[in-house]
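*Asks:* Got a structure here, written out as structure tokens. Questions coming.
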Amino acid sequence: MPKPAEKTVEKLDLKGKKNIKMMVCDEEDKCVVMPVIRASEGPDVLDVTKLYGDTGVFTYDPGFMSTASCESKITYIDGDKGILRHRGYDIQDLAKKSDYLEVSYLLLNGELPDKKQKADFVNNVTRHTMVHEQLSFLYRGFPRRSHPMAIMCGAAASLSAFYHDGLDSRDPASRELSIHRMIAKMPTLSAMAYKYSIGQPFVYPRNDLSFAANFLHMMFAVPAEEYKVSPTLAKAMDMIFILHADHEQNASTSTVRLAASSGANPFACIGAGIASLWGAAHGGANEAVLKMLQEIGDVKNIPDFISRVKDKSAGDRLMGFGHRVYKNYDPRAAVLKSACDDVLAELGAENDPLLKIAKELERIALQDEYFVQRKLFPNVDFYSGIIYKAMGIPTQMYTVLFALARTAGWVAQWKEMIEDPTSKIGRPRQLYTGYTQRDFVPIETR
């Protein structure tokens with residue numbers, strides 16, 4: 001089909017109209033009519049499901065930047081306005097007034113729980129925090145220097161080998177059981193990955209601690225002495241978990257949905273999501289922040305680094321500032337900044353050399369006209385990286401913590417897709433530009 005005439009598209013005005021269809025015409029006035037599906041908020045979409053059948057052509061959209069891959073009621077983002085909402089609730093309100101398990105319930109069920117619903121949900125998750133003892137042998141099969149994300153990919157997917165009674169995604173009770181297990185066991189698996197990497201014994205979960213406090217206890221406690229979790233650190237960690245719980249149809253979430261569309265078991269789907277999150281372009285942003293601070297090395301080197309950042313030919317990037325989705329500001333960053341200040345004060349970490357560099361970079365970026373005009377404000381990865389550094393969490397664990405937090409969103413998206421009667425197995429199309437049919441040439445005459 002020839003290229004559509006631009007004048008045809010320019011005349012269309014979708015605002016305020018109902019049940020309309022878009023007519024796209026080529027230069028010879030041959031037209032295709034496509035229904036417009038309304039969004040409750042944000043961009044409407046063209047329904048192109050019958051496009052190939054009607055025209056014999058596909059759409060072409062590398063990276064799916066203009067394609068809605070599914071219908072969802074879970075998370076809404078407006079990057080231009082700096083909006084992130086879960087089930088209609090602003091992320092700032094959830095981060096300040098809620099907790100991670102309550103937000104997990106919201107993502108899964110569409111509404112905030114009442115007192116009994118929350119107590120039951122917390123109890124169900126808490127009672128599943130332990131993992132099968134044989135999983136410890138899986139960890140011991142990895143070299144000590146393995147990246148924790150390599151271990152997490154295998155450990156999460158391997159849960160399907162231990163918990164057979166929750167693998168039937170068609171059964172609501174099985175789905176719920178797998179969801180509770182996945183949310184509950186991710187902190188345990190994550191802490192085990194850290195303990196294994198440093199040669200310390202695994203620490204079992206404790207049911208008397210909150211979700212975040214239990215994770216910190218499994219990370220930092222040792223059998224030889226008592227470890228008390230700081231309420232300030234537990235609160236900050238819980239906030240980080242909330243702020244990373246879901247982020248619409250990003251690469252890892254789309255991976256989980258695509259894997260689930262084939263009927264793969266829920267643990268395998270989460271393992272696939274973890275593998276996708278491991279990519280440097282996705283989940284490694286806060287790890288990149290610390291690497292940048294280490295490369296700067298000293299506060300006195302910041303002016304030279306800033307000059308190189310402003311010089312595009314130098315190739316230096318200011319990591320942790322700006323965001324691919326949020327073109328104005330990251331709504332998660334503002335609430336995490338206060339938690340970051342609380343953590344630094346609690347730990348007396350203001351004199352840490354790398355944290356001094358981070359705070360000076362923050363000051364410059366918020367005042368320098370070059371960064372202000374380009375809206376390169378600190379994002380959530382900048383502050384979470386600082387918090388992790390202050391807590392003593394090594395950089396290779398940063399993406400693991402991202403996966404831990406994102407599990408709630410992954411299982412919510414998985415559940416929504418499984419329960420959608422219109423869902424089908426994912427099968428993207430392609431634009432083939434290779435050879436047309438050729439005759440086979442025997443090896444003797446090539």
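A note on labels: chains of the structure tokens are A, B, ... as shown, every chain counts residues from 1, and ligands are counted from 1 in their shown order.
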Quick one: which segment 317-340 of chain A residues come within 7 Å of segment 377-387 of chain A, and what is the nearest atom pair for each with the distance in Å to one decimal, counting only C-alpha atoms, rows ordered by chain and ascending number, as a tab-separated table?
*Replies:*
residue	atom	partner	partner_atom	distance
A:Gly320	CA	A:Phe382	CA	4.4
A:Phe321	CA	A:Pro378	CA	4.3
A:Gly322	CA	A:Phe377	CA	5.3
A:His323	CA	A:Asn379	CA	6.8
A:Tyr329	CA	A:Phe377	CA	6.3
A:Asp330	CA	A:Asn379	CA	5.4
A:Arg332	CA	A:Val380	CA	5.7
A:Ala333	CA	A:Val380	CA	4.4
A:Leu336	CA	A:Tyr383	CA	6.5
A:Lys337	CA	A:Tyr383	CA	6.2
A:Cys340	CA	A:Ile387	CA	5.7
*Asks:* Quick one: residues within 8 Å of segment 395-412 of chain A, only C-alpha atoms, excluding same-chain residues fewer than 3 positions away - as a PyMOL selection string?
*Replies:* chain A and resi 74+104+107-108+147-149+152+179+182-183+186-187+190+194+240-242+244-247+253+256+266+270+273-274+277-278+283-284+286-287+290+385+388-389+415-416
*Asks:* Would you export the selected residues with N, CA and C atoms as a compact mmCIF listing (two decimals), in the first residue's frame, please?
*Replies:*
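Once written, selection-v3.txt looks like this:
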# COMPACT_ATOMS: atom_id res chain seq x y z
N ILE A 74 -3.75 -1.48 35.09
CA ILE A 74 -2.89 -1.49 36.27
C ILE A 74 -2.16 -0.16 36.48
N SER A 104 1.25 -4.02 46.55
CA SER A 104 1.19 -5.28 45.80
C SER A 104 -0.25 -5.76 45.69
N LEU A 107 -2.06 -3.57 43.15
CA LEU A 107 -1.71 -3.91 41.77
C LEU A 107 -2.43 -5.18 41.33
N LEU A 108 -2.53 -6.14 42.22
CA LEU A 108 -3.12 -7.43 41.89
C LEU A 108 -4.64 -7.39 41.81
N HIS A 147 27.71 -13.19 38.93
CA HIS A 147 26.85 -12.03 39.15
C HIS A 147 25.54 -12.52 39.77
N PRO A 148 25.06 -11.87 40.83
CA PRO A 148 23.82 -12.32 41.47
C PRO A 148 22.63 -12.43 40.53
N MET A 149 22.59 -11.61 39.47
CA MET A 149 21.47 -11.71 38.54
C MET A 149 21.51 -13.02 37.75
N MET A 152 19.92 -15.35 40.08
CA MET A 152 18.49 -15.08 40.24
C MET A 152 17.67 -15.60 39.07
N ILE A 179 1.34 -16.56 43.01
CA ILE A 179 1.59 -15.12 43.23
C ILE A 179 2.13 -14.88 44.63
N MET A 182 5.70 -16.19 44.85
CA MET A 182 6.70 -15.42 44.11
C MET A 182 7.08 -14.15 44.85
N ILE A 183 6.07 -13.42 45.33
CA ILE A 183 6.35 -12.19 46.09
C ILE A 183 7.11 -12.51 47.37
N MET A 186 11.04 -13.97 46.70
CA MET A 186 12.05 -13.15 46.03
C MET A 186 13.04 -12.50 47.00
N PRO A 187 12.59 -11.94 48.15
CA PRO A 187 13.58 -11.42 49.10
C PRO A 187 14.52 -12.50 49.61
N SER A 190 16.97 -13.39 46.86
CA SER A 190 17.90 -12.27 46.65
C SER A 190 18.96 -12.22 47.74
N TYR A 194 23.24 -12.81 47.66
CA TYR A 194 24.26 -11.94 48.26
C TYR A 194 25.13 -12.71 49.24
N ILE A 240 11.59 2.28 48.40
CA ILE A 240 12.24 1.91 47.14
C ILE A 240 11.46 0.79 46.44
N PHE A 241 11.03 -0.20 47.23
CA PHE A 241 10.25 -1.30 46.65
C PHE A 241 8.97 -0.78 46.01
N ILE A 242 8.28 0.13 46.70
CA ILE A 242 7.03 0.69 46.16
C ILE A 242 7.30 1.44 44.86
N HIS A 244 9.49 1.06 42.68
CA HIS A 244 9.90 0.21 41.57
C HIS A 244 8.92 -0.92 41.29
N ALA A 245 7.76 -0.93 41.95
CA ALA A 245 6.86 -2.08 41.89
C ALA A 245 6.32 -2.34 40.50
N ASP A 246 5.98 -1.32 39.75
CA ASP A 246 5.46 -1.52 38.39
C ASP A 246 5.71 -0.25 37.59
N HIS A 247 5.87 -0.42 36.29
CA HIS A 247 6.14 0.74 35.43
C HIS A 247 5.61 0.50 34.03
N THR A 253 8.56 -6.34 31.77
CA THR A 253 7.14 -6.66 31.93
C THR A 253 6.58 -7.24 30.63
N VAL A 256 7.65 -10.80 30.44
CA VAL A 256 6.83 -11.67 31.28
C VAL A 256 5.52 -11.99 30.58
N PRO A 266 4.26 -19.74 35.82
CA PRO A 266 4.53 -18.39 36.33
C PRO A 266 5.97 -18.17 36.77
N ILE A 270 8.61 -15.26 35.36
CA ILE A 270 9.35 -14.30 36.17
C ILE A 270 10.85 -14.43 35.92
N GLY A 273 11.54 -12.49 32.94
CA GLY A 273 11.53 -11.06 33.25
C GLY A 273 12.82 -10.61 33.90
N ILE A 274 13.36 -11.43 34.80
CA ILE A 274 14.63 -11.11 35.46
C ILE A 274 15.75 -11.03 34.43
N LEU A 277 15.41 -7.78 32.62
CA LEU A 277 15.77 -6.65 33.48
C LEU A 277 17.27 -6.50 33.63
N TRP A 278 17.99 -7.60 33.51
CA TRP A 278 19.45 -7.58 33.68
C TRP A 278 20.14 -6.73 32.62
N GLY A 283 17.63 -2.39 33.63
CA GLY A 283 17.68 -2.40 35.09
C GLY A 283 18.98 -1.98 35.71
N GLY A 284 19.97 -1.65 34.89
CA GLY A 284 21.29 -1.36 35.45
C GLY A 284 21.59 0.10 35.69
N ASN A 286 20.89 2.30 38.23
CA ASN A 286 21.47 2.75 39.51
C ASN A 286 22.86 2.17 39.73
N GLU A 287 23.13 1.02 39.13
CA GLU A 287 24.49 0.48 39.17
C GLU A 287 25.43 1.37 38.36
N LEU A 290 26.69 4.48 40.37
CA LEU A 290 27.84 4.26 41.26
C LEU A 290 29.13 4.12 40.47
N GLY A 385 20.52 4.54 44.19
CA GLY A 385 21.93 4.16 44.19
C GLY A 385 22.67 4.72 45.39
N TYR A 388 21.55 2.70 48.52
CA TYR A 388 22.18 1.38 48.56
C TYR A 388 23.64 1.48 48.97
N LYS A 389 24.34 2.48 48.44
CA LYS A 389 25.75 2.66 48.78
C LYS A 389 25.89 2.95 50.27
N LYS A 415 -1.09 -11.94 35.88
CA LYS A 415 -2.46 -12.30 36.28
C LYS A 415 -3.48 -11.62 35.36
N GLU A 416 -3.28 -10.35 35.08
CA GLU A 416 -4.21 -9.63 34.21
C GLU A 416 -4.28 -10.26 32.83
*Asks:* Calculated over only C-alpha atoms, which of the candidates A:Val45, A:Ile364, A:Val222, A:Ala339 has the smallest distance to Ala390 of chain A?
*Replies:*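 Result for the nearest residue to Ala390 of chain A: A:Ala339.
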*Asks:* List every residue of segment 17-110 of chain A that DSSP, applied to the backbone of this structure, assigns to strand (DSSP E or B), and report them as a ChimeraX atom specification.
*Replies:* /A:21-26,31-37,45-46,75-78,83-86,89-90
*Asks:* Using only C-alpha atoms, which of the listed residues (A:Asp61, A:Asp171, A:Glu41, A:Asp54) sits closest to Ile83 of chain A?
*Replies:*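 Once distances to Ile83 of chain A are computed over only C-alpha atoms, the minimum belongs to A:Glu41.
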*Asks:* Excluding Gly166 of chain A and its own-chain neighbours fewer than 6 positions away, which residues fall within 8 Å of it when counting only C-alpha atoms? Please give them as JSON, numbers by chain.
*Replies:* {"A": [173, 174, 175, 177, 178]}
*Asks:* Could those selected residues go to a file with N, CA and C atoms, as a JSON list (two decimals), in the first residue's frame?
*Replies:*
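File part.json, as written:
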[["chain", "number", "residue", "atom", "x", "y", "z"],
["A", 173, "ALA", "N", -7.15, -20.57, 42.07],
["A", 173, "ALA", "CA", -6.47, -20.88, 43.33],
["A", 173, "ALA", "C", -4.99, -21.11, 43.12],
["A", 174, "SER", "N", -4.64, -21.79, 42.03],
["A", 174, "SER", "CA", -3.23, -22.01, 41.71],
["A", 174, "SER", "C", -2.52, -20.71, 41.39],
["A", 175, "ARG", "N", -3.21, -19.84, 40.67],
["A", 175, "ARG", "CA", -2.62, -18.53, 40.34],
["A", 175, "ARG", "C", -2.31, -17.75, 41.62],
["A", 177, "LEU", "N", -1.85, -18.86, 44.64],
["A", 177, "LEU", "CA", -0.79, -19.51, 45.40],
["A", 177, "LEU", "C", 0.58, -19.17, 44.81],
["A", 178, "SER", "N", 0.70, -19.22, 43.50],
["A", 178, "SER", "CA", 1.98, -18.89, 42.85],
["A", 178, "SER", "C", 2.34, -17.42, 43.05]]
*Asks:* Would you kindly return, as a compact mmCIF listing (two decimals) with N, CA and C atoms, in the first residue's frame, each protein, DNA or RNA residue with an atom no farther than 12 Å from any atom of Arg317 of chain A, considering only C-alpha atoms and excluding same-chain residues fewer than 5 positions away?
*Replies:*
# COMPACT_ATOMS: atom_id res chain seq x y z
N ALA A 285 20.53 0.95 35.70
CA ALA A 285 20.78 2.39 35.78
C ALA A 285 21.40 2.82 37.10
N ALA A 288 24.92 1.91 37.24
CA ALA A 288 25.72 2.81 36.41
C ALA A 288 26.03 4.11 37.14
N VAL A 289 25.11 4.55 38.01
CA VAL A 289 25.34 5.77 38.80
C VAL A 289 26.58 5.61 39.67
N LYS A 291 29.06 3.49 39.31
CA LYS A 291 30.26 3.37 38.47
C LYS A 291 30.72 4.76 38.02
N MET A 292 29.78 5.64 37.71
CA MET A 292 30.12 7.01 37.33
C MET A 292 30.80 7.73 38.49
N LEU A 293 30.25 7.60 39.69
CA LEU A 293 30.84 8.26 40.85
C LEU A 293 32.25 7.76 41.12
N GLU A 295 34.30 6.59 38.86
CA GLU A 295 35.17 7.11 37.81
C GLU A 295 35.54 8.57 38.06
N ILE A 296 34.61 9.35 38.63
CA ILE A 296 34.93 10.74 38.97
C ILE A 296 35.99 10.78 40.06
N PHE A 305 34.55 16.90 34.92
CA PHE A 305 33.58 15.91 34.44
C PHE A 305 32.35 16.61 33.85
N ILE A 306 31.87 17.65 34.52
CA ILE A 306 30.70 18.39 34.02
C ILE A 306 31.00 19.02 32.66
N SER A 307 32.21 19.50 32.50
CA SER A 307 32.60 20.09 31.20
C SER A 307 32.56 19.04 30.10
N ARG A 308 33.01 17.84 30.43
CA ARG A 308 33.00 16.76 29.43
C ARG A 308 31.56 16.33 29.11
N VAL A 309 30.70 16.35 30.12
CA VAL A 309 29.29 16.00 29.88
C VAL A 309 28.66 16.99 28.92
N LYS A 310 28.99 18.27 29.08
CA LYS A 310 28.41 19.30 28.21
C LYS A 310 29.00 19.25 26.81
N ASP A 311 30.17 18.67 26.69
CA ASP A 311 30.81 18.53 25.38
C ASP A 311 30.39 17.19 24.77
N LYS A 312 29.45 17.23 23.83
CA LYS A 312 28.89 15.99 23.28
C LYS A 312 29.95 15.12 22.61
N GLY A 322 17.70 12.71 34.37
CA GLY A 322 16.82 12.57 33.23
C GLY A 322 16.25 11.16 33.18
N LEU A 376 17.29 17.78 32.98
CA LEU A 376 18.09 16.64 33.44
C LEU A 376 18.15 16.66 34.97
*Asks:* Find the distance between atom CA of Asn123 of chain A and atom CA of Leu209 of chain A and write it in Å to one decimal.
*Replies:*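 Rounded to one decimal, the two atoms are 11.5 Å apart.
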*Asks:* As a count of residues only, please: every residue in segment 141-189 of chain A that a backbone DSSP assignment puts in alpha helix (DSSP H).
*Replies:* 33
*Asks:* Using only C-alpha atoms, which of the listed residues (A:Asn109, A:Gln117, A:Thr129, A:Ser230) sits closest to Glu176 of chain A?
*Replies:*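 When distances to Glu176 of chain A are compared using only C-alpha atoms, the smallest one comes from A:Asn109.
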